[in-house]
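Trainee: Before anything else, here's the structure in question.
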Amino acid sequence: MAFALIDLPYEDTALEPAVSAETLSYHHGKHHKAYIDKTNAALEGSDKADQSLIEVVASARGSDQGLFNNSAQSWNHGFYWHSLAETETSPSDELASMIKSAFGSADELKDKLKERGAGHFASGWVWLAEKNGELTIMETHDGDTLADQEGVNPLLTIDLWEHAYYLDHQNARPKYLEAVMDKLNWSFASENLARGTTWKYPG
């Protein structure tokens, strides 16, 4: 079963000025599509062809770097699109309570996300995740993911690869991070927290 490039959950202008329609046309329509296409090509005729995307990621980790990179990036990007929204949404009572306990306030959490994202060396991802019943900020490098990490439930992610922001903000990653803080989809994070299991790629 081949994986599909999922549609964006909003219009391509919805994230402007933080993320432009031009950036989304390349990032979603070319980068994400290429990861999906390469994953499908690698799986064709293999014994992994009927696995879910997370199962593919987990089975390829440490054994098939090419398949791992492309399948993990396919999942990460789908998760990233849903981590953003046209207008910032509100967290559930449960998530709001956990944010207050772990970070003091939503604004302090945003400051930590910006700090970790700006300080991250080279390409990768910064995540808000639930681990051992508490919220934590985590980072993965290059194409790595939290999707298959036991005991970790990713709630939101922000893409730190240059192709996510260079057309709009050039090399100023902190400006991009500042801008997307007003586009975070706390409803999506709340759903992930309440479900208690890792988001399933819908394509």
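Ligands are numbered from 1 in the order shown, chains are lettered A, B, ... in the order of the structure tokens, and residues start at 1 in each chain.
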Mind checking which residues fall within 7 Å of stretch 61-76 of chain A, counting only C-alpha atoms, ignoring those fewer than 2 positions away in the same chain, and posting them as an NGL selection string?
Mentor: :A and (32 or 35-36 or 38-39 or 42 or 53 or 56-59 or 78-80 or 143-145 or 201)
Trainee: What's the 9 Å shell around A:Tyr10, counting only C-alpha atoms, without same-chain residues fewer than 2 positions away, as a VMD selection string?
Mentor: chain A and resid 7 to 8 12 to 15 81 85 to 86
Trainee: Would you mind exporting the chosen residues as a PDB file, in the first residue's frame, restricted to N, CA, C and O atoms?
Mentor:
```pdb
ATOM      1  N   ASP A   7      -3.010  16.406   2.090  1.00  0.00           N
ATOM      2  CA  ASP A   7      -3.301  17.805   1.814  1.00  0.00           C
ATOM      3  C   ASP A   7      -2.923  18.649   3.030  1.00  0.00           C
ATOM      4  O   ASP A   7      -2.969  18.175   4.178  1.00  0.00           O
ATOM      5  N   LEU A   8      -2.591  19.912   2.771  1.00  0.00           N
ATOM      6  CA  LEU A   8      -2.417  20.838   3.879  1.00  0.00           C
ATOM      7  C   LEU A   8      -3.765  21.026   4.579  1.00  0.00           C
ATOM      8  O   LEU A   8      -4.805  21.073   3.918  1.00  0.00           O
ATOM      9  N   ASP A  12      -3.132  27.671   1.379  1.00  0.00           N
ATOM     10  CA  ASP A  12      -1.677  27.898   1.341  1.00  0.00           C
ATOM     11  C   ASP A  12      -1.279  29.306   1.785  1.00  0.00           C
ATOM     12  O   ASP A  12      -0.110  29.569   2.031  1.00  0.00           O
ATOM     13  N   THR A  13      -2.248  30.208   1.921  1.00  0.00           N
ATOM     14  CA  THR A  13      -1.964  31.552   2.426  1.00  0.00           C
ATOM     15  C   THR A  13      -2.251  31.688   3.926  1.00  0.00           C
ATOM     16  O   THR A  13      -2.038  32.756   4.498  1.00  0.00           O
ATOM     17  N   ALA A  14      -2.709  30.616   4.556  1.00  0.00           N
ATOM     18  CA  ALA A  14      -3.216  30.698   5.930  1.00  0.00           C
ATOM     19  C   ALA A  14      -2.149  31.062   6.958  1.00  0.00           C
ATOM     20  O   ALA A  14      -2.464  31.644   8.003  1.00  0.00           O
ATOM     21  N   LEU A  15      -0.902  30.724   6.689  1.00  0.00           N
ATOM     22  CA  LEU A  15       0.147  30.935   7.686  1.00  0.00           C
ATOM     23  C   LEU A  15       0.926  32.232   7.465  1.00  0.00           C
ATOM     24  O   LEU A  15       1.861  32.525   8.206  1.00  0.00           O
ATOM     25  N   TRP A  81       2.687  20.034   9.567  1.00  0.00           N
ATOM     26  CA  TRP A  81       1.562  20.790   8.982  1.00  0.00           C
ATOM     27  C   TRP A  81       0.434  20.927   9.991  1.00  0.00           C
ATOM     28  O   TRP A  81      -0.193  21.982  10.094  1.00  0.00           O
ATOM     29  N   ALA A  85      -1.596  26.308  12.643  1.00  0.00           N
ATOM     30  CA  ALA A  85      -2.979  26.626  12.299  1.00  0.00           C
ATOM     31  C   ALA A  85      -3.053  28.079  11.850  1.00  0.00           C
ATOM     32  O   ALA A  85      -2.171  28.893  12.153  1.00  0.00           O
ATOM     33  N   GLU A  86      -4.123  28.389  11.131  1.00  0.00           N
ATOM     34  CA  GLU A  86      -4.285  29.760  10.606  1.00  0.00           C
ATOM     35  C   GLU A  86      -4.263  30.783  11.726  1.00  0.00           C
ATOM     36  O   GLU A  86      -3.656  31.839  11.623  1.00  0.00           O
TER      37      GLU A  86
END
```
Trainee: So that I can check the secondary structure, give me every residue of chain A assigned strand (DSSP E) by backbone DSSP, as a list in words.
Mentor: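 Secondary structure check on chain A, strand (DSSP E): Gly124, Trp125, Val126, Trp127, Leu128, Ala129, Glu130, Lys131, Glu134, Leu135, Thr136, Ile137, Met138, Glu139, Thr140, His141, Val152, Asn153, Pro154, Leu155, Leu156, Thr157, Ile158 and Asp159 of chain A.
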Trainee: Hey, which of A:Asp148, A:Asp168, A:Glu139, A:Glu178 ends up closest to A:Ile54? Count only C-alpha atoms.
Mentor: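 Under the stated criterion, the closest residue is A:Asp148.
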Trainee: From stretch 101-138 of chain A, collect each residue whose DSSP state is helix (DSSP H, G or I) and return the set as a compact mmCIF listing (two decimals) with all heavy atoms, in the first residue's frame.
Mentor:
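Listed below is the output, result.txt:
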```txt
# COMPACT_ATOMS: atom_id res chain seq x y z
N SER A 101 2.47 23.76 34.93
CA SER A 101 3.31 23.01 35.85
C SER A 101 4.76 22.91 35.36
O SER A 101 5.70 23.04 36.15
CB SER A 101 2.73 21.60 36.03
OG SER A 101 3.56 20.80 36.85
N ALA A 102 4.93 22.69 34.05
CA ALA A 102 6.27 22.45 33.51
C ALA A 102 7.03 23.73 33.19
O ALA A 102 8.26 23.78 33.32
CB ALA A 102 6.17 21.59 32.26
N PHE A 103 6.30 24.77 32.75
CA PHE A 103 6.98 25.96 32.23
C PHE A 103 6.56 27.27 32.89
O PHE A 103 7.19 28.29 32.67
CB PHE A 103 6.75 26.06 30.71
CG PHE A 103 7.22 24.86 29.95
CD1 PHE A 103 6.32 23.89 29.53
CD2 PHE A 103 8.57 24.68 29.68
CE1 PHE A 103 6.75 22.76 28.84
CE2 PHE A 103 9.02 23.56 28.98
CZ PHE A 103 8.10 22.60 28.57
N ALA A 106 2.17 29.67 29.14
CA ALA A 106 2.32 29.40 27.70
C ALA A 106 3.40 30.29 27.10
O ALA A 106 4.15 29.84 26.22
CB ALA A 106 0.98 29.62 27.00
N ASP A 107 3.48 31.54 27.55
CA ASP A 107 4.51 32.44 27.02
C ASP A 107 5.91 31.95 27.36
O ASP A 107 6.83 32.05 26.54
CB ASP A 107 4.31 33.86 27.56
CG ASP A 107 3.14 34.57 26.90
OD1 ASP A 107 2.72 34.13 25.80
OD2 ASP A 107 2.64 35.56 27.48
N GLU A 108 6.08 31.43 28.56
CA GLU A 108 7.39 30.90 28.95
C GLU A 108 7.73 29.63 28.15
O GLU A 108 8.89 29.41 27.79
CB GLU A 108 7.42 30.61 30.44
CG GLU A 108 7.44 31.88 31.29
CD GLU A 108 7.38 31.60 32.78
OE1 GLU A 108 6.28 31.45 33.32
OE2 GLU A 108 8.47 31.55 33.39
N LEU A 109 6.72 28.82 27.85
CA LEU A 109 6.94 27.66 26.98
C LEU A 109 7.38 28.12 25.60
O LEU A 109 8.33 27.57 25.03
CB LEU A 109 5.66 26.83 26.88
CG LEU A 109 5.62 25.76 25.78
CD1 LEU A 109 6.78 24.79 25.88
CD2 LEU A 109 4.29 25.02 25.83
N LYS A 110 6.71 29.12 25.06
CA LYS A 110 7.09 29.63 23.74
C LYS A 110 8.53 30.15 23.75
O LYS A 110 9.28 29.93 22.80
CB LYS A 110 6.13 30.74 23.30
CG LYS A 110 4.74 30.27 22.96
CD LYS A 110 3.85 31.46 22.58
CE LYS A 110 2.45 31.04 22.27
NZ LYS A 110 1.60 32.20 21.91
N ASP A 111 8.90 30.84 24.82
CA ASP A 111 10.28 31.34 24.93
C ASP A 111 11.27 30.19 24.90
O ASP A 111 12.34 30.28 24.27
CB ASP A 111 10.45 32.15 26.21
CG ASP A 111 9.79 33.52 26.14
OD1 ASP A 111 9.47 33.98 25.02
OD2 ASP A 111 9.58 34.12 27.21
N LYS A 112 10.94 29.09 25.57
CA LYS A 112 11.83 27.93 25.60
C LYS A 112 11.90 27.26 24.23
O LYS A 112 12.97 26.83 23.79
CB LYS A 112 11.35 26.92 26.65
CG LYS A 112 11.57 27.35 28.08
CD LYS A 112 13.06 27.44 28.42
CE LYS A 112 13.27 27.75 29.89
NZ LYS A 112 14.73 27.89 30.21
N LEU A 113 10.77 27.17 23.54
CA LEU A 113 10.77 26.60 22.19
C LEU A 113 11.63 27.45 21.25
O LEU A 113 12.41 26.91 20.45
CB LEU A 113 9.34 26.51 21.65
CG LEU A 113 8.45 25.40 22.21
CD1 LEU A 113 7.00 25.62 21.78
CD2 LEU A 113 8.94 24.03 21.73
N LYS A 114 11.50 28.77 21.35
CA LYS A 114 12.30 29.66 20.50
C LYS A 114 13.78 29.53 20.84
O LYS A 114 14.62 29.49 19.93
CB LYS A 114 11.83 31.11 20.69
CG LYS A 114 10.48 31.40 20.07
CD LYS A 114 10.11 32.88 20.17
CE LYS A 114 9.76 33.29 21.57
NZ LYS A 114 9.26 34.69 21.63
N GLU A 115 14.08 29.46 22.12
CA GLU A 115 15.47 29.34 22.56
C GLU A 115 16.11 28.04 22.07
O GLU A 115 17.22 28.04 21.52
CB GLU A 115 15.53 29.42 24.08
CG GLU A 115 16.92 29.28 24.68
CD GLU A 115 16.90 29.27 26.20
OE1 GLU A 115 15.97 29.87 26.80
OE2 GLU A 115 17.79 28.64 26.79
N ARG A 116 15.41 26.94 22.25
CA ARG A 116 15.94 25.64 21.83
C ARG A 116 16.03 25.57 20.30
O ARG A 116 16.98 25.02 19.75
CB ARG A 116 15.07 24.51 22.37
CG ARG A 116 15.12 24.35 23.88
CD ARG A 116 16.40 23.72 24.38
NE ARG A 116 16.53 22.35 23.94
CZ ARG A 116 16.06 21.29 24.62
NH1 ARG A 116 15.40 21.48 25.75
NH2 ARG A 116 16.24 20.07 24.15
N GLY A 117 15.01 26.09 19.62
CA GLY A 117 15.02 26.07 18.17
C GLY A 117 16.13 26.92 17.58
O GLY A 117 16.82 26.50 16.64
N ALA A 118 16.33 28.11 18.13
CA ALA A 118 17.38 29.00 17.62
C ALA A 118 18.77 28.44 17.91
O ALA A 118 19.70 28.62 17.12
CB ALA A 118 17.23 30.38 18.25
N GLY A 119 18.91 27.74 19.03
CA GLY A 119 20.21 27.19 19.41
C GLY A 119 20.53 25.85 18.80
O GLY A 119 21.67 25.36 18.93
```
Trainee: Could you tell me how far atom CA of A:Val152 lies from atom CA of A:Pro202, in Å and to one decimal?
Mentor: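 Distance reported for this atom pair: 19.8 Å.
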Trainee: Which residue out of A:Arg173, A:His82, A:Glu134, A:Glu94 has the minimum interatomic distance to A:His120 when only C-alpha atoms are used?
Mentor: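 That would be A:Arg173, the residue with the smallest distance to A:His120.
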Trainee: Would you work out the distance separating atom CA of A:Glu11 from atom CA of A:Ala34, expressed in Å to one decimal?
Mentor: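 For atom CA of A:Glu11 relative to atom CA of A:Ala34, the distance reads 20.8 Å.
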Trainee: Suppose you want the space between atom CA of A:Ala194 and atom CA of A:Ile158; what is it in Å?
Mentor: 20.4 Å
Trainee: Which of these residues is nearest to A:Leu160, using only C-alpha atoms: A:Trp125, A:Tyr26, A:Trp186, A:Tyr176?
Mentor: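 Residue with the minimum atom-to-atom distance to A:Leu160: A:Trp125.
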